[in-house]
Amino acid sequence: MAHIGILCPDMSGHLNPVMSLARQLQHRGHRVTFYQRLLTQKKVEDAGFECSPFGTDVFPIEKTRAELTKLAALKGRTAFKFSIDLFCQRAAVCLREVPTMVRQQGVEAMLIDQVCPEGAVVAEELGLPHATVSPALILHRDNTVPPFFTHWRYSTGFLPMLRNRFAYFMMNRLATRMMKILNSHRQPRGMSRWREFHDALSSRLQLSQQPREFEFPRSV
């Protein structure tokens, strides 16, 4: 069977559902290794999975816990900006350390959380197939659907769609720093430049636990 590497945020809303998916892979005979920060190493290992922590010198447990506690108290655009800052820190360290770990451990395929585009970079760098997992709200850009961080109503009218388009544009602007980190790793290695998060979505398989009934009508 295959050795599958998994990269997802060390937040319960992401990690718990992804571990459920990993459990099914185990039951089918696959070997599963999580790549996490130190904060969740024990949780992952206690659940019966292998865990290879990265950034052990940069992300001590108390520092990571304090950052996540702060994030839980934020709302709206402030929370989104702080999340991007955390994701940028994690992405930079992941790209520095995880490719070597994945290569040395003989991983054959990867499952990547939608909010970990650096994982898709790792998979492409190593020539590994990967699937995108959306354990929370799906983030796919669709101009008919209000962005996930808004409370706007669904409408296909001209003004609502223009409003949505502008909100997605601003979201991409806030994520510019992340894209610079990803592209600074990609381009020297001969990989094409990415323009936005959606470029990291797998062309092979995308998994979501979001029921159709809980979502607006979508074209993507």
# chains A, B, ... in the order shown; residues from 1 in each chain; ligands from 1
>>> select_by_dssp(residues="range 40-137 of chain A", states="helix (DSSP H, G or I)", output="PyMOL selection string")
chain A and resi 40-46+61-72+76-104+117-126
>>> closest_atom_pairs(of="range 14-89 of chain A", to="range 127-151 of chain A", cutoff="10 Å", atoms="only C-alpha atoms", output="CSV")
residue,atom,partner,partner_atom,distance
A:His14,CA,A:Pro135,CA,5.7
A:Leu15,CA,A:Pro135,CA,8.3
A:Asn16,CA,A:Pro135,CA,8.7
A:Pro17,CA,A:Pro135,CA,6.0
A:Val18,CA,A:Pro135,CA,6.7
A:Leu21,CA,A:Val133,CA,9.6
A:Lys75,CA,A:Phe149,CA,9.3
A:Gly76,CA,A:Phe149,CA,6.7
A:Arg77,CA,A:Phe149,CA,7.9
A:Ala79,CA,A:Phe149,CA,9.6
A:Phe80,CA,A:Phe149,CA,8.0
>>> atom_distance(atom1="CA of Arg31 in chain A", atom2="CA of Gly13 in chain A")
23.0 Å
>>> atom_distance(atom1="CA of Met178 in chain A", atom2="CA of Gln114 in chain A")
13.8 Å
>>> select_by_dssp(residues="range 17-162 of chain A", states="strand (DSSP E or B)", output="PyMOL selection string")
chain A and resi 31-36+50-53+109-113+130-134
>>> write_last_selection(atoms="N, CA and C atoms", output="PDB file, in the first residue's frame")
ATOM      1  N   ARG A  31       0.000   3.603   4.925  1.00  0.00           N
ATOM      2  CA  ARG A  31       0.802   4.232   5.975  1.00  0.00           C
ATOM      3  C   ARG A  31       0.591   5.744   5.893  1.00  0.00           C
ATOM      4  N   VAL A  32       0.348   6.386   7.033  1.00  0.00           N
ATOM      5  CA  VAL A  32       0.036   7.813   7.052  1.00  0.00           C
ATOM      6  C   VAL A  32       1.008   8.555   7.956  1.00  0.00           C
ATOM      7  N   THR A  33       1.568   9.637   7.444  1.00  0.00           N
ATOM      8  CA  THR A  33       2.456  10.486   8.238  1.00  0.00           C
ATOM      9  C   THR A  33       1.970  11.926   8.175  1.00  0.00           C
ATOM     10  N   PHE A  34       1.756  12.529   9.340  1.00  0.00           N
ATOM     11  CA  PHE A  34       1.378  13.937   9.426  1.00  0.00           C
ATOM     12  C   PHE A  34       2.623  14.801   9.574  1.00  0.00           C
ATOM     13  N   TYR A  35       2.601  15.970   8.951  1.00  0.00           N
ATOM     14  CA  TYR A  35       3.653  16.965   9.120  1.00  0.00           C
ATOM     15  C   TYR A  35       3.023  18.156   9.834  1.00  0.00           C
ATOM     16  N   GLN A  36       3.401  18.300  11.114  1.00  0.00           N
ATOM     17  CA  GLN A  36       2.765  19.277  11.990  1.00  0.00           C
ATOM     18  C   GLN A  36       3.809  20.052  12.792  1.00  0.00           C
ATOM     19  N   GLU A  50       1.748   8.414  12.596  1.00  0.00           N
ATOM     20  CA  GLU A  50       3.106   8.945  12.630  1.00  0.00           C
ATOM     21  C   GLU A  50       3.044  10.461  12.485  1.00  0.00           C
ATOM     22  N   CYS A  51       3.961  11.157  13.159  1.00  0.00           N
ATOM     23  CA  CYS A  51       3.999  12.615  13.057  1.00  0.00           C
ATOM     24  C   CYS A  51       5.440  13.075  13.000  1.00  0.00           C
ATOM     25  N   SER A  52       5.750  13.875  11.978  1.00  0.00           N
ATOM     26  CA  SER A  52       7.082  14.446  11.839  1.00  0.00           C
ATOM     27  C   SER A  52       6.972  15.956  12.036  1.00  0.00           C
ATOM     28  N   PRO A  53       7.366  16.465  13.201  1.00  0.00           N
ATOM     29  CA  PRO A  53       7.230  17.900  13.450  1.00  0.00           C
ATOM     30  C   PRO A  53       8.276  18.703  12.678  1.00  0.00           C
ATOM     31  N   ALA A 109       2.379   9.980  -1.938  1.00  0.00           N
ATOM     32  CA  ALA A 109       1.273  10.867  -2.311  1.00  0.00           C
ATOM     33  C   ALA A 109       0.961  11.734  -1.100  1.00  0.00           C
ATOM     34  N   MET A 110       0.262  12.856  -1.333  1.00  0.00           N
ATOM     35  CA  MET A 110      -0.003  13.771  -0.231  1.00  0.00           C
ATOM     36  C   MET A 110      -1.460  14.227  -0.225  1.00  0.00           C
ATOM     37  N   LEU A 111      -1.965  14.459   0.987  1.00  0.00           N
ATOM     38  CA  LEU A 111      -3.242  15.120   1.209  1.00  0.00           C
ATOM     39  C   LEU A 111      -2.941  16.499   1.785  1.00  0.00           C
ATOM     40  N   ILE A 112      -3.452  17.534   1.135  1.00  0.00           N
ATOM     41  CA  ILE A 112      -3.113  18.900   1.512  1.00  0.00           C
ATOM     42  C   ILE A 112      -4.377  19.674   1.861  1.00  0.00           C
ATOM     43  N   ASP A 113      -4.417  20.250   3.058  1.00  0.00           N
ATOM     44  CA  ASP A 113      -5.533  21.105   3.427  1.00  0.00           C
ATOM     45  C   ASP A 113      -5.573  22.316   2.502  1.00  0.00           C
ATOM     46  N   HIS A 130      -1.132  14.818  -5.427  1.00  0.00           N
ATOM     47  CA  HIS A 130      -1.734  15.284  -4.187  1.00  0.00           C
ATOM     48  C   HIS A 130      -3.211  15.570  -4.379  1.00  0.00           C
ATOM     49  N   ALA A 131      -3.951  15.442  -3.291  1.00  0.00           N
ATOM     50  CA  ALA A 131      -5.372  15.774  -3.274  1.00  0.00           C
ATOM     51  C   ALA A 131      -5.577  16.952  -2.338  1.00  0.00           C
ATOM     52  N   THR A 132      -6.514  17.826  -2.678  1.00  0.00           N
ATOM     53  CA  THR A 132      -6.867  18.960  -1.827  1.00  0.00           C
ATOM     54  C   THR A 132      -8.032  18.570  -0.931  1.00  0.00           C
ATOM     55  N   VAL A 133      -7.905  18.875   0.364  1.00  0.00           N
ATOM     56  CA  VAL A 133      -8.950  18.563   1.334  1.00  0.00           C
ATOM     57  C   VAL A 133      -9.497  19.861   1.919  1.00  0.00           C
ATOM     58  N   SER A 134     -10.827  19.978   1.962  1.00  0.00           N
ATOM     59  CA  SER A 134     -11.472  21.160   2.548  1.00  0.00           C
ATOM     60  C   SER A 134     -12.304  20.707   3.748  1.00  0.00           C
TER      61      SER A 134
END
>>> atom_distance(atom1="CA of His3 in chain A", atom2="CA of Ala47 in chain A")
17.4 Å
>>> residues_around(residues="Leu38 in chain A", least_positions_apart="6", cutoff="8 Å", atoms="only C-alpha atoms", output="PyMOL selection string")
chain A and resi 53-56+59-61
>>> closest_residue(among="A:Ala175, A:Met19, A:Ala123, A:Leu39", to="Ala200 in chain A", atoms="only C-alpha atoms")
A:Ala123
>>> residues_around(residues="Ile181 in chain A", least_positions_apart="3", cutoff="8 Å", atoms="only C-alpha atoms", output="PyMOL selection string")
chain A and resi 88+91-92+177-178+184-185
>>> closest_residue(among="A:His27, A:His198, A:Arg37, A:Arg153", to="Asp57 in chain A", atoms="only C-alpha atoms")
A:Arg37
>>> residues_around(residues="Met170 in chain A", least_positions_apart="2", cutoff="12 Å", atoms="only C-alpha atoms", output="VMD selection string")
chain A and resid 77 80 to 81 147 149 163 to 168 172 to 176 196
>>> closest_residue(among="A:Ala120, A:Met11, A:Gly48, A:Glu97", to="Ser202 in chain A", atoms="only C-alpha atoms")
A:Ala120
